[in-house]
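First the structure, in the form of structure tokens, and then the observations on it.
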Amino acid sequence: MAAADKWKKIHGQVTIELDVRKMASVRGKVRTWAEQVMEAAADRTVKRAKELVPVRTGRLKRSIGKVPLAEERGIVGGVIRGWIVTYAVGDPEAYYGLFVELGTRHMAAQPFLMPAIEEQRARLGKDIKTGFRVLVDKA
């Protein structure tokens with residue numbers, strides 16, 4: 001197939017090639033699919049962060065959640081809705097999550113959010129690559 005017939009996108013270690021003729025049939029499905037993949041990754045990250053967070057009262061653990069990324073700051077120019085996984089969701093009193101995550105001069109760091117994010121980063125790349133292939137194969 002000629003180079004003009006291929007669309008190639010490289011991001012990190014994810015390489016995806018789409019036949020231009022198939023792009024039209026895939027186009028409408030991509031947004032919905034991508035939003036589902038991003039939300040699933042956010043859900044897995046929240047779950048893992050709640051498993052890793054140290055618990056004294058449970059307040060910080062209960063405050064871990066996801067919030068939608070503002071449309072104007074979304075992925076691909078606001079086309080795909082993204083999510084932010086954070087703590088103190090609905091509980092501003094759990095602001096101390098930053099001190100737990102990074103530590104202070106009086107206490108050692110007990111990271112819970114960044115390890116959860118890093119674990120999902122690799123899986124997200126694989127999910128995107130596999131998902132695009134499935135979408136194109138069905139087209």
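Note on naming: chains are A, B, ... as they come in the structure tokens, residues start from 1 per chain, ligands start from 1 in the order shown.
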Give me the residues within 10 Å of region 96-107 of chain A as a PyMOL selection string, counting only C-alpha atoms and dropping any in the same chain fewer than 2 places off. chain A and resi 53-54+59-61+63-64+86-88+92-94+109-115
Since we have the selection now, will you write its residues out, keeping C-alpha atoms, as a PDB file, in the first residue's frame?
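Okay, this is what ended up in out_39.pdb:
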ATOM      1  CA  VAL A  53      -3.218   4.996  50.316  1.00  0.00           C
ATOM      2  CA  PRO A  54      -2.241   4.679  53.999  1.00  0.00           C
ATOM      3  CA  ARG A  59     -11.007  10.359  55.143  1.00  0.00           C
ATOM      4  CA  LEU A  60      -8.237  10.566  52.530  1.00  0.00           C
ATOM      5  CA  LYS A  61      -9.178   7.186  51.052  1.00  0.00           C
ATOM      6  CA  SER A  63     -11.802  11.487  49.068  1.00  0.00           C
ATOM      7  CA  ILE A  64      -9.939   9.824  46.171  1.00  0.00           C
ATOM      8  CA  THR A  86      -7.111  13.236  42.537  1.00  0.00           C
ATOM      9  CA  TYR A  87      -7.829  13.358  46.246  1.00  0.00           C
ATOM     10  CA  ALA A  88     -10.025  15.799  48.186  1.00  0.00           C
ATOM     11  CA  PRO A  92     -11.591  19.868  50.920  1.00  0.00           C
ATOM     12  CA  GLU A  93     -10.509  18.810  54.417  1.00  0.00           C
ATOM     13  CA  ALA A  94      -8.475  15.993  52.806  1.00  0.00           C
ATOM     14  CA  ALA A 109       6.547  10.187  51.687  1.00  0.00           C
ATOM     15  CA  GLN A 110       3.921   7.473  51.316  1.00  0.00           C
ATOM     16  CA  PRO A 111       3.106   7.727  47.609  1.00  0.00           C
ATOM     17  CA  PHE A 112      -0.272   6.365  46.559  1.00  0.00           C
ATOM     18  CA  LEU A 113      -1.490   8.483  43.636  1.00  0.00           C
ATOM     19  CA  MET A 114       1.585   8.606  41.390  1.00  0.00           C
ATOM     20  CA  PRO A 115       2.238   4.856  41.620  1.00  0.00           C
TER      21      PRO A 115
END
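Here CA of Glu118 (chain A) is placed at a distance of 25.9 Å from CA of Thr57 (chain A).
Of the listed residues A:Arg56, A:Lys50, A:Arg62, A:Arg123, the one whose atoms come nearest to Val37 (chain A) is A:Arg123, with distances taken using only C-alpha atoms.
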Contacts of Gly131 (chain A) at 12 Å or less, counting only C-alpha atoms, minus same-chain residues fewer than 3 places along, as a VMD selection string? chain A and resid 14 16 26 29 to 38 123 to 128 134 to 138
Can you write just those residues out, C-alpha atoms, as a CSV table (one decimal), in the first residue's frame?
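That gives us selection-v9.csv:
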chain,number,residue,atom,x,y,z
A,14,VAL,CA,2.2,3.3,20.6
A,16,ILE,CA,-1.1,2.9,14.9
A,26,VAL,CA,-14.2,4.5,12.0
A,29,LYS,CA,-16.9,5.5,16.7
A,30,VAL,CA,-13.5,6.9,17.8
A,31,ARG,CA,-14.8,9.6,20.2
A,32,THR,CA,-17.2,7.3,22.1
A,33,TRP,CA,-14.6,4.6,22.3
A,34,ALA,CA,-11.8,6.9,23.4
A,35,GLU,CA,-14.0,8.4,26.1
A,36,GLN,CA,-14.8,5.0,27.4
A,37,VAL,CA,-11.1,3.9,27.4
A,38,MET,CA,-10.1,7.1,29.3
A,123,ARG,CA,-1.9,-0.4,30.3
A,124,LEU,CA,-3.6,2.7,28.7
A,125,GLY,CA,-1.1,2.6,25.8
A,126,LYS,CA,-1.9,-1.1,25.2
A,127,ASP,CA,-5.6,-0.5,25.4
A,128,ILE,CA,-5.5,2.3,22.9
A,134,VAL,CA,-10.4,-3.6,16.7
A,135,LEU,CA,-12.2,-0.5,15.4
A,136,VAL,CA,-10.4,-0.6,12.1
A,137,ASP,CA,-10.8,-4.4,11.7
A,138,LYS,CA,-14.6,-4.0,12.2
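Taking CA of Arg44 (chain A) and CA of Tyr95 (chain A) as the two end points, the separation is 22.0 Å.
CA of Val89 (chain A) lies 13.7 Å from CA of Gly58 (chain A).
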I'd like to know which residues of region 23-127 of chain A are alpha helix (DSSP H) (by DSSP, run on the backbone); could you write them as a PyMOL selection string? chain A and resi 23-52+59-63+97-102+113-127
